[in-house]
file input.csv (CSV, N, CA and C atoms)
chain,number,residue,atom,x,y,z
Z,125,MET,N,24.1,-46.7,48.2
Z,125,MET,CA,23.1,-46.3,47.2
Z,125,MET,C,22.7,-47.5,46.2
Z,126,SER,N,23.0,-48.7,46.5
Z,126,SER,CA,22.6,-49.9,45.8
Z,126,SER,C,22.8,-49.8,44.3
Z,127,GLY,N,24.0,-49.4,43.8
Z,127,GLY,CA,24.3,-49.4,42.4
Z,127,GLY,C,23.9,-48.2,41.7
Z,128,GLN,N,23.2,-47.2,42.3
Z,128,GLN,CA,22.8,-46.0,41.6
Z,128,GLN,C,23.9,-45.0,41.6
Z,129,VAL,N,23.9,-44.2,40.5
Z,129,VAL,CA,24.9,-43.2,40.4
Z,129,VAL,C,24.3,-41.9,40.9
Z,130,ALA,N,25.0,-41.1,41.7
Z,130,ALA,CA,24.5,-39.9,42.2
Z,130,ALA,C,24.5,-38.8,41.1
Z,131,ILE,N,23.6,-37.9,41.2
Z,131,ILE,CA,23.5,-36.9,40.1
Z,131,ILE,C,24.8,-36.1,40.1
Z,132,GLY,N,25.4,-35.9,38.9
Z,132,GLY,CA,26.6,-35.2,38.7
Z,132,GLY,C,27.8,-36.1,38.9
Z,133,GLU,N,27.6,-37.4,39.1
Z,133,GLU,CA,28.7,-38.3,39.3
Z,133,GLU,C,28.8,-39.2,38.1
Z,134,ALA,N,30.0,-39.4,37.5
Z,134,ALA,CA,30.2,-40.3,36.4
Z,134,ALA,C,30.0,-41.7,36.8
Z,135,PRO,N,29.4,-42.5,36.0
Z,135,PRO,CA,29.2,-44.0,36.4
Z,135,PRO,C,30.6,-44.6,36.5
Z,136,GLY,N,30.7,-45.4,37.6
Z,136,GLY,CA,32.0,-46.1,37.9
Z,136,GLY,C,32.1,-47.4,37.1
Z,137,ILE,N,33.2,-48.0,37.4
Z,137,ILE,CA,33.5,-49.3,36.8
Z,137,ILE,C,32.4,-50.3,37.0
Z,138,GLU,N,31.9,-50.4,38.2
Z,138,GLU,CA,30.9,-51.4,38.6
Z,138,GLU,C,29.6,-51.1,37.7
Z,139,ALA,N,29.2,-49.8,37.6
Z,139,ALA,CA,28.0,-49.5,36.8
Z,139,ALA,C,28.2,-49.9,35.3
Z,140,ILE,N,29.4,-49.6,34.7
Z,140,ILE,CA,29.6,-50.0,33.4
Z,140,ILE,C,29.6,-51.5,33.2
Z,141,GLU,N,30.2,-52.2,34.2
Z,141,GLU,CA,30.2,-53.7,34.1
Z,141,GLU,C,28.8,-54.2,34.2
Z,142,GLY,N,27.9,-53.6,35.1
Z,142,GLY,CA,26.6,-54.1,35.2
Z,142,GLY,C,25.8,-53.9,33.9
Z,143,ILE,N,26.0,-52.8,33.2
Z,143,ILE,CA,25.3,-52.5,31.9
Z,143,ILE,C,25.8,-53.6,30.9
Z,144,ALA,N,27.1,-53.9,30.9
Z,144,ALA,CA,27.7,-54.8,29.9
Z,144,ALA,C,27.1,-56.2,30.2
Z,145,ARG,N,27.0,-56.6,31.5
Z,145,ARG,CA,26.5,-57.9,31.8
Z,145,ARG,C,25.0,-58.1,31.5
Z,146,ALA,N,24.3,-57.0,31.6
Z,146,ALA,CA,22.9,-57.0,31.2
Z,146,ALA,C,22.7,-57.2,29.7
Z,147,ALA,N,23.6,-56.6,28.9
Z,147,ALA,CA,23.6,-56.7,27.5
Z,147,ALA,C,23.9,-58.2,27.1
Z,148,MET,N,24.9,-58.8,27.8
Z,148,MET,CA,25.2,-60.2,27.6
Z,148,MET,C,24.1,-61.1,27.9
Z,149,ALA,N,23.3,-60.8,29.0
Z,149,ALA,CA,22.2,-61.6,29.4
Z,149,ALA,C,21.1,-61.6,28.3
Z,150,ARG,N,21.0,-60.6,27.5
Z,150,ARG,CA,20.0,-60.5,26.4
Z,150,ARG,C,20.4,-61.1,25.1
Z,151,LEU,N,21.6,-61.7,25.1
Z,151,LEU,CA,22.1,-62.3,23.8
Z,151,LEU,C,21.3,-63.6,23.5
Z,152,PRO,N,21.1,-63.9,22.3
Z,152,PRO,CA,20.4,-65.2,21.9
Z,152,PRO,C,21.2,-66.3,22.5
Z,153,ALA,N,20.5,-67.4,22.9
Z,153,ALA,CA,21.1,-68.5,23.6
Z,153,ALA,C,22.2,-69.1,22.8
Z,154,ALA,N,22.2,-69.2,21.5
Z,154,ALA,CA,23.3,-69.7,20.7
Z,154,ALA,C,24.6,-69.0,20.9
Z,155,PHE,N,24.5,-67.7,21.2
Z,155,PHE,CA,25.8,-67.0,21.5
Z,155,PHE,C,26.1,-67.1,22.9
Z,156,ALA,N,25.2,-66.9,23.8
Z,156,ALA,CA,25.5,-66.9,25.2
Z,156,ALA,C,26.1,-68.2,25.7
Z,157,ALA,N,25.8,-69.3,25.0
Z,157,ALA,CA,26.3,-70.6,25.4
Z,157,ALA,C,27.8,-70.7,25.2
Z,158,HIS,N,28.4,-69.8,24.4
Z,158,HIS,CA,29.8,-69.9,24.1
Z,158,HIS,C,30.6,-68.7,24.8
Z,159,LEU,N,30.0,-68.1,25.8
Z,159,LEU,CA,30.6,-67.0,26.5
Z,159,LEU,C,31.0,-67.3,27.9
Z,160,GLY,N,30.7,-68.5,28.4
Z,160,GLY,CA,30.9,-68.8,29.8
Z,160,GLY,C,32.4,-68.7,30.2
Z,161,ASP,N,33.3,-68.9,29.4
Z,161,ASP,CA,34.7,-68.8,29.8
Z,161,ASP,C,35.4,-67.5,29.4
Z,162,VAL,N,34.6,-66.6,28.8
Z,162,VAL,CA,35.2,-65.3,28.5
Z,162,VAL,C,35.1,-64.4,29.7
Z,163,VAL,N,36.2,-63.7,30.0
Z,163,VAL,CA,36.4,-62.9,31.1
Z,163,VAL,C,36.1,-61.4,30.7
Z,164,LEU,N,35.2,-60.7,31.5
Z,164,LEU,CA,34.9,-59.3,31.2
Z,164,LEU,C,35.7,-58.5,32.2
Z,165,ILE,N,36.5,-57.6,31.6
Z,165,ILE,CA,37.3,-56.7,32.4
Z,165,ILE,C,37.0,-55.2,32.1
Z,166,VAL,N,36.6,-54.4,33.1
Z,166,VAL,CA,36.3,-53.0,32.9
Z,166,VAL,C,37.4,-52.2,33.6
Z,167,GLU,N,38.1,-51.4,32.8
Z,167,GLU,CA,39.1,-50.6,33.4
Z,167,GLU,C,38.9,-49.1,32.9
Z,168,ASP,N,39.6,-48.2,33.6
Z,168,ASP,CA,39.4,-46.8,33.1
Z,168,ASP,C,40.0,-46.6,31.8
Z,169,TYR,N,41.2,-47.1,31.5
Z,169,TYR,CA,41.9,-46.9,30.3
Z,169,TYR,C,42.6,-48.1,29.9
Z,170,ALA,N,42.9,-48.3,28.6
Z,170,ALA,CA,43.8,-49.3,28.1
Z,170,ALA,C,45.2,-48.9,28.5
Z,171,ASP,N,46.0,-49.9,28.8
Z,171,ASP,CA,47.4,-49.7,29.2
Z,171,ASP,C,48.3,-49.2,28.0
Z,172,ASP,N,49.4,-48.6,28.3
Z,172,ASP,CA,50.3,-48.1,27.2
Z,172,ASP,C,50.7,-49.2,26.2
Z,173,GLU,N,51.0,-50.4,26.7
Z,173,GLU,CA,51.4,-51.5,25.9
Z,173,GLU,C,50.3,-51.9,24.9
Z,174,THR,N,49.1,-51.9,25.3
Z,174,THR,CA,48.0,-52.2,24.4
Z,174,THR,C,47.8,-51.1,23.4
Z,175,LEU,N,47.8,-49.9,23.8
Z,175,LEU,CA,47.7,-48.8,22.9
Z,175,LEU,C,48.8,-48.8,21.8
Z,176,ALA,N,50.0,-49.0,22.3
Z,176,ALA,CA,51.2,-49.1,21.3
Z,176,ALA,C,51.0,-50.2,20.3
Z,177,ALA,N,50.6,-51.4,20.8
Z,177,ALA,CA,50.4,-52.5,19.9
Z,177,ALA,C,49.4,-52.3,18.9
Z,178,LEU,N,48.4,-51.5,19.2
Z,178,LEU,CA,47.3,-51.1,18.2
Z,178,LEU,C,47.6,-49.9,17.4
Z,179,GLY,N,48.7,-49.2,17.8
Z,179,GLY,CA,49.0,-47.9,17.1
Z,179,GLY,C,48.0,-46.8,17.4
Z,180,ILE,N,47.5,-46.8,18.6
Z,180,ILE,CA,46.6,-45.8,19.1
Z,180,ILE,C,47.3,-44.9,20.1
Z,181,GLU,N,47.3,-43.6,19.8
Z,181,GLU,CA,48.0,-42.6,20.5
Z,181,GLU,C,47.4,-42.2,21.8
Z,182,HIS,N,46.0,-42.1,21.8
Z,182,HIS,CA,45.3,-41.5,23.0
Z,182,HIS,C,44.4,-42.6,23.6
Z,183,PRO,N,44.5,-42.8,24.9
Z,183,PRO,CA,43.6,-43.8,25.5
Z,183,PRO,C,42.1,-43.6,25.3
Z,184,LEU,N,41.7,-42.4,25.1
Z,184,LEU,CA,40.2,-42.1,24.9
Z,184,LEU,C,39.8,-42.6,23.5
Z,185,ASP,N,40.7,-43.1,22.7
Z,185,ASP,CA,40.3,-43.5,21.3
Z,185,ASP,C,40.0,-45.0,21.3
Z,186,LEU,N,40.1,-45.7,22.4
Z,186,LEU,CA,39.8,-47.1,22.5
Z,186,LEU,C,38.8,-47.4,23.5
Z,187,THR,N,37.6,-47.8,23.1
Z,187,THR,CA,36.5,-48.1,24.0
Z,187,THR,C,36.4,-49.6,24.5
Z,188,GLY,N,36.9,-50.5,23.6
Z,188,GLY,CA,36.8,-51.9,24.0
Z,188,GLY,C,37.8,-52.7,23.2
Z,189,LEU,N,38.1,-53.9,23.6
Z,189,LEU,CA,39.1,-54.7,23.0
Z,189,LEU,C,38.8,-56.2,23.3
Z,190,TYR,N,38.9,-57.1,22.3
Z,190,TYR,CA,38.8,-58.5,22.5
Z,190,TYR,C,40.2,-59.1,22.4
Z,191,HIS,N,40.6,-59.9,23.4
Z,191,HIS,CA,41.8,-60.6,23.4
Z,191,HIS,C,41.5,-62.1,23.4
Z,192,GLY,N,41.9,-62.8,22.4
Z,192,GLY,CA,41.7,-64.2,22.3
Z,192,GLY,C,41.6,-64.7,20.9
Z,193,ARG,N,41.2,-66.0,20.8
Z,193,ARG,CA,41.0,-66.5,19.4
Z,193,ARG,C,39.6,-66.7,19.2
Z,194,PRO,N,39.1,-66.3,18.0
Z,194,PRO,CA,37.7,-66.5,17.7
Z,194,PRO,C,37.3,-68.0,17.9
Z,195,VAL,N,36.0,-68.2,18.2
Z,195,VAL,CA,35.5,-69.6,18.5
Z,195,VAL,C,35.8,-70.5,17.3
Z,196,GLY,N,35.6,-70.1,16.1
Z,196,GLY,CA,35.9,-71.0,15.0
Z,196,GLY,C,37.3,-71.3,14.7
Z,197,GLU,N,38.2,-70.6,15.4
Z,197,GLU,CA,39.7,-70.9,15.2
Z,197,GLU,C,40.3,-71.7,16.3
Z,198,LYS,N,39.5,-72.0,17.3
Z,198,LYS,CA,40.0,-72.7,18.5
Z,198,LYS,C,40.2,-74.2,18.1
Z,199,SER,N,41.0,-74.8,18.9
Z,199,SER,CA,41.3,-76.2,18.7
Z,199,SER,C,41.4,-76.9,20.0
Z,200,SER,N,41.1,-78.2,20.0
Z,200,SER,CA,41.2,-79.0,21.2
Z,200,SER,C,42.6,-79.1,21.7
Z,201,MET,N,43.6,-78.7,20.8
Z,201,MET,CA,45.0,-78.8,21.2
Z,201,MET,C,45.4,-77.5,22.0
Z,202,ASP,N,44.5,-76.5,22.0
Z,202,ASP,CA,44.8,-75.3,22.7
Z,202,ASP,C,44.7,-75.5,24.2
Z,203,SER,N,45.8,-75.2,24.9
Z,203,SER,CA,45.7,-75.4,26.4
Z,203,SER,C,46.8,-74.5,27.0
Z,204,GLY,N,46.6,-74.2,28.2
Z,204,GLY,CA,47.6,-73.4,29.0
Z,204,GLY,C,47.6,-72.0,28.7
Z,205,GLY,N,46.8,-71.5,27.8
Z,205,GLY,CA,46.8,-70.0,27.5
Z,205,GLY,C,45.9,-69.3,28.4
Z,206,LEU,N,45.9,-68.0,28.3
Z,206,LEU,CA,45.0,-67.1,29.1
Z,206,LEU,C,43.6,-67.3,28.5
Z,207,PRO,N,42.6,-67.1,29.4
Z,207,PRO,CA,41.2,-67.2,28.9
Z,207,PRO,C,41.0,-66.0,27.9
Z,208,ASP,N,40.0,-66.1,27.0
Z,208,ASP,CA,39.6,-65.0,26.2
Z,208,ASP,C,39.1,-63.9,27.1
Z,209,ARG,N,39.4,-62.7,26.7
Z,209,ARG,CA,39.0,-61.5,27.6
Z,209,ARG,C,38.4,-60.4,26.7
Z,210,ILE,N,37.4,-59.8,27.3
Z,210,ILE,CA,36.8,-58.6,26.7
Z,210,ILE,C,37.1,-57.5,27.7
Z,211,HIS,N,37.8,-56.5,27.1
Z,211,HIS,CA,38.1,-55.3,27.9
Z,211,HIS,C,37.2,-54.1,27.5
Z,212,LEU,N,36.6,-53.5,28.4
Z,212,LEU,CA,35.8,-52.2,28.2
Z,212,LEU,C,36.6,-51.1,28.9
Z,213,TYR,N,36.7,-50.0,28.3
Z,213,TYR,CA,37.5,-48.9,28.8
Z,213,TYR,C,36.5,-47.7,29.2
Z,214,ARG,N,36.3,-47.6,30.5
Z,214,ARG,CA,35.2,-46.7,31.0
Z,214,ARG,C,35.4,-45.3,30.6
Z,215,ARG,N,36.6,-44.7,30.7
Z,215,ARG,CA,36.7,-43.3,30.4
Z,215,ARG,C,36.5,-43.0,28.9
Z,216,ALA,N,37.0,-43.9,28.0
Z,216,ALA,CA,36.7,-43.7,26.6
Z,216,ALA,C,35.2,-43.8,26.3
Z,217,ILE,N,34.6,-44.8,26.9
Z,217,ILE,CA,33.1,-44.9,26.7
Z,217,ILE,C,32.4,-43.7,27.2
Z,218,LEU,N,32.8,-43.2,28.4
Z,218,LEU,CA,32.1,-42.0,28.9
Z,218,LEU,C,32.3,-40.8,28.0
Z,219,GLU,N,33.5,-40.7,27.5
Z,219,GLU,CA,33.9,-39.6,26.5
Z,219,GLU,C,33.0,-39.7,25.3
Z,220,GLU,N,32.8,-40.9,24.7
Z,220,GLU,CA,32.0,-41.0,23.6
Z,220,GLU,C,30.5,-40.7,23.9
Z,221,TRP,N,30.1,-41.2,25.1
Z,221,TRP,CA,28.7,-40.9,25.6
Z,221,TRP,C,28.5,-39.4,25.6
Z,222,ILE,N,29.4,-38.6,26.1
Z,222,ILE,CA,29.3,-37.2,26.2
Z,222,ILE,C,29.2,-36.6,24.8
Z,223,GLU,N,30.1,-37.0,24.0
Z,223,GLU,CA,30.2,-36.5,22.6
Z,223,GLU,C,29.0,-36.8,21.7
Z,224,THR,N,28.5,-38.0,21.9
Z,224,THR,CA,27.4,-38.4,21.0
Z,224,THR,C,26.0,-38.2,21.5
Z,225,GLY,N,25.9,-38.2,22.8
Z,225,GLY,CA,24.5,-38.1,23.4
Z,225,GLY,C,23.7,-39.4,23.3
Z,226,VAL,N,24.4,-40.5,22.9
Z,226,VAL,CA,23.7,-41.8,22.9
Z,226,VAL,C,23.5,-42.2,24.3
Z,227,ARG,N,22.4,-42.9,24.6
Z,227,ARG,CA,22.1,-43.4,25.9
Z,227,ARG,C,23.3,-44.3,26.3
Z,228,LEU,N,23.7,-44.2,27.6
Z,228,LEU,CA,24.9,-44.9,28.1
Z,228,LEU,C,24.7,-46.4,28.0
Z,229,ASP,N,23.5,-46.9,28.3
Z,229,ASP,CA,23.3,-48.4,28.3
Z,229,ASP,C,23.4,-48.8,26.8
Z,230,ASP,N,22.9,-48.0,25.9
Z,230,ASP,CA,23.0,-48.4,24.4
Z,230,ASP,C,24.4,-48.4,24.0
Z,231,LEU,N,25.2,-47.4,24.4
Z,231,LEU,CA,26.6,-47.3,24.0
Z,231,LEU,C,27.4,-48.5,24.5
Z,232,VAL,N,27.2,-48.8,25.8
Z,232,VAL,CA,28.0,-49.9,26.4
Z,232,VAL,C,27.6,-51.2,25.8
Z,233,ALA,N,26.3,-51.4,25.5
Z,233,ALA,CA,25.8,-52.6,24.8
Z,233,ALA,C,26.5,-52.7,23.4
Z,234,HIS,N,26.5,-51.6,22.7
Z,234,HIS,CA,27.1,-51.6,21.4
Z,234,HIS,C,28.6,-52.0,21.4
Z,235,VAL,N,29.3,-51.4,22.4
Z,235,VAL,CA,30.8,-51.8,22.5
Z,235,VAL,C,30.9,-53.2,22.9
Z,236,MET,N,30.1,-53.7,23.8
Z,236,MET,CA,30.2,-55.1,24.3
Z,236,MET,C,29.9,-56.0,23.2
Z,237,ILE,N,28.8,-55.8,22.5
Z,237,ILE,CA,28.4,-56.7,21.4
Z,237,ILE,C,29.5,-56.7,20.3
Z,238,HIS,N,30.1,-55.5,20.0
Z,238,HIS,CA,31.2,-55.5,19.0
Z,238,HIS,C,32.3,-56.4,19.4
Z,239,GLU,N,32.7,-56.4,20.7
Z,239,GLU,CA,33.8,-57.2,21.2
Z,239,GLU,C,33.4,-58.7,21.2
Z,240,ILE,N,32.1,-59.0,21.6
Z,240,ILE,CA,31.6,-60.3,21.5
Z,240,ILE,C,31.7,-60.8,20.1
Z,241,GLY,N,31.4,-59.9,19.1
Z,241,GLY,CA,31.4,-60.3,17.7
Z,241,GLY,C,32.8,-60.8,17.3
Z,242,HIS,N,33.8,-60.1,17.8
Z,242,HIS,CA,35.2,-60.6,17.5
Z,242,HIS,C,35.5,-62.0,18.1
Z,243,HIS,N,34.9,-62.2,19.3
Z,243,HIS,CA,35.0,-63.6,19.9
Z,243,HIS,C,34.5,-64.7,18.9
Z,244,PHE,N,33.4,-64.3,18.2
Z,244,PHE,CA,32.8,-65.3,17.3
Z,244,PHE,C,33.3,-65.1,15.8
Z,245,GLY,N,34.2,-64.2,15.6
Z,245,GLY,CA,34.8,-64.0,14.2
Z,245,GLY,C,33.8,-63.4,13.3
Z,246,LEU,N,32.8,-62.6,13.8
Z,246,LEU,CA,31.7,-62.0,13.0
Z,246,LEU,C,32.2,-60.8,12.2
Z,247,SER,N,31.6,-60.6,11.0
Z,247,SER,CA,31.8,-59.4,10.2
Z,247,SER,C,31.0,-58.3,10.9
Z,248,ASP,N,31.3,-57.1,10.4
Z,248,ASP,CA,30.6,-55.9,11.0
Z,248,ASP,C,29.1,-56.0,10.7
Z,249,ASP,N,28.7,-56.5,9.6
Z,249,ASP,CA,27.2,-56.7,9.3
Z,249,ASP,C,26.6,-57.7,10.3
Z,250,ASP,N,27.3,-58.8,10.5
Z,250,ASP,CA,26.8,-59.8,11.5
Z,250,ASP,C,26.7,-59.2,12.9
Z,251,MET,N,27.7,-58.3,13.3
Z,251,MET,CA,27.7,-57.7,14.6
Z,251,MET,C,26.4,-56.8,14.7
Z,252,HIS,N,26.1,-56.1,13.6
Z,252,HIS,CA,24.9,-55.2,13.6
Z,252,HIS,C,23.7,-56.0,13.8
Z,253,ALA,N,23.6,-57.2,13.1
Z,253,ALA,CA,22.5,-58.1,13.3
Z,253,ALA,C,22.3,-58.6,14.7
Z,254,LEU,N,23.5,-59.0,15.3
Z,254,LEU,CA,23.5,-59.4,16.7
Z,254,LEU,C,23.0,-58.3,17.6
Z,255,GLU,N,23.5,-57.1,17.4
Z,255,GLU,CA,23.0,-56.0,18.2
Z,255,GLU,C,21.5,-55.7,18.1
Z,256,ASP,N,21.0,-55.9,16.8
Z,256,ASP,CA,19.6,-55.8,16.7
Z,256,ASP,C,18.8,-56.9,17.4
Z,257,ALA,N,19.4,-58.1,17.5
Z,257,ALA,CA,18.7,-59.2,18.2
Z,257,ALA,C,18.7,-58.9,19.7
Z,258,VAL,N,19.7,-58.2,20.2
Z,258,VAL,CA,19.7,-57.8,21.6
Z,258,VAL,C,18.8,-56.7,22.0
Z,259,ASP,N,18.9,-55.7,21.1
Z,259,ASP,CA,18.1,-54.4,21.4
Z,259,ASP,C,16.9,-54.2,20.7
Z,260,GLY,N,16.6,-55.1,19.7
Z,260,GLY,CA,15.5,-54.8,18.8
Z,260,GLY,C,15.9,-53.9,17.7
Z,261,PRO,N,15.1,-53.8,16.6
Z,261,PRO,CA,15.5,-52.8,15.5
Z,261,PRO,C,15.5,-51.4,16.0
Z,262,SER,N,16.5,-50.7,15.6
Z,262,SER,CA,16.6,-49.3,16.0
Z,262,SER,C,15.7,-48.4,15.1
Z,263,ALA,N,15.3,-47.3,15.7
Z,263,ALA,CA,14.3,-46.4,14.9
Z,263,ALA,C,15.0,-45.6,13.9

call {"tool": "encode", "arguments": {"input": "input.csv", "output": "structure tokens"}}
result
Amino acid sequence: MSGQVAIGEAPGIEAIEGIARAAMARLPAAFAAHLGDVVLIVEDYADDETLAALGIEHPLDLTGLYHGRPVGEKSSMDSGGLPDRIHLYRRAILEEWIETGVRLDDLVAHVMIHEIGHHFGLSDDDMHALEDAVDGPSA
């Protein structure tokens, strides 16, 4: 079916990843230039260790997570570590989609941009401005 989701079928990991990558492709060049080494991982749920470390009891309460050091905190002395990673959690995103009625592509882009914001060490206000740059002003 070439990436399409059948009626009545929840979007799979590949569909969520495709939406996230499309949002990344719309980022301003100044941001996109610093995302080449960031790994995007889409999973159904966060693992128990991650949830425990964040003090989150239910896996549907976490839609995304950034692992790494913000760009401004990196050093040329950093080496041998894992690459920066953005995790998106499909089932939590779908649950929020159902609860809020927000378009799925808008919701995935919002979560993705929020995690990208952590990569750059942005404030919440800066993240909202970046989201506006990707999607245009909201109505």

call {"tool": "atom_distance", "arguments": {"input": "input.csv", "atom1": "atom CA of Z:Leu178", "atom2": "atom C of Z:Met251"}}
result
21.9 Å

call {"tool": "residues_around", "arguments": {"input": "input.csv", "residues": "Z:Val162", "least_positions_apart": "2", "cutoff": "6.5 Å", "atoms": "only N, CA and C atoms", "output": "PyMOL selection string"}}
result
chain Z and resi 158-160+164+207-210

call {"tool": "residues_around", "arguments": {"input": "input.csv", "residues": "Z:Glu141", "least_positions_apart": "5", "cutoff": "7 Å", "atoms": "only N, CA and C atoms", "output": "short mmCIF file (atom, residue, chain, number, x, y, z; two decimals) with N, CA and C atoms, in the frame of the given file"}}
result
data_model
loop_
_atom_site.label_atom_id
_atom_site.label_comp_id
_atom_site.auth_asym_id
_atom_site.auth_seq_id
_atom_site.Cartn_x
_atom_site.Cartn_y
_atom_site.Cartn_z
N GLY Z 136 30.70 -45.40 37.60
CA GLY Z 136 32.00 -46.10 37.90
C GLY Z 136 32.10 -47.40 37.10
N ALA Z 146 24.30 -57.00 31.60
CA ALA Z 146 22.90 -57.00 31.20
C ALA Z 146 22.70 -57.20 29.70
N VAL Z 166 36.60 -54.40 33.10
CA VAL Z 166 36.30 -53.00 32.90
C VAL Z 166 37.40 -52.20 33.60
#

call {"tool": "atom_distance", "arguments": {"input": "input.csv", "atom1": "atom N of Z:Asp168", "atom2": "atom N of Z:Tyr213"}}
result
6.3 Å

call {"tool": "select_by_dssp", "arguments": {"input": "input.csv", "residues": "chain Z", "states": "helix (DSSP H, G or I)", "output": "PyMOL selection string"}}
result
chain Z and resi 137-149+153-156+172-178+183-185+195-197+214-224+228-243+248-259

call {"tool": "residues_around", "arguments": {"input": "input.csv", "residues": "Z:His211", "least_positions_apart": "6", "cutoff": "5 Å", "atoms": "all atoms listed in the file", "output": "list in words"}}
result
Ile165, Gly188, Leu189 and Tyr190 of chain Z

call {"tool": "atom_distance", "arguments": {"input": "input.csv", "atom1": "atom CA of Z:Pro135", "atom2": "atom CA of Z:Asp185"}}
result
18.7 Å

call {"tool": "closest_residue", "arguments": {"input": "input.csv", "among": "Z:Leu184, Z:Met236, Z:Ala176, Z:Leu206", "to": "Z:Gly142", "atoms": "only C-alpha atoms"}}
result
Z:Met236

call {"tool": "select_by_dssp", "arguments": {"input": "input.csv", "residues": "stretch 150-182 of chain Z", "states": "strand (DSSP E)", "output": "PyMOL selection string"}}
result
chain Z and resi 163-167

call {"tool": "closest_residue", "arguments": {"input": "input.csv", "among": "Z:Asp256, Z:Asp172, Z:Arg214, Z:Ile137", "to": "Z:His234", "atoms": "only C-alpha atoms"}}
result
Z:Asp256

call {"tool": "residues_around", "arguments": {"input": "input.csv", "residues": "Z:Ile143", "least_positions_apart": "5", "cutoff": "7 Å", "atoms": "only N, CA and C atoms", "output": "list in words"}}
result
Glu138, Met148, Asp229, Val232 and Ala233 of chain Z

call {"tool": "residues_around", "arguments": {"input": "input.csv", "residues": "Z:Ala170", "least_positions_apart": "4", "cutoff": "6 Å", "atoms": "all atoms listed in the file", "output": "PyMOL selection string"}}
result
chain Z and resi 174-175+183+213
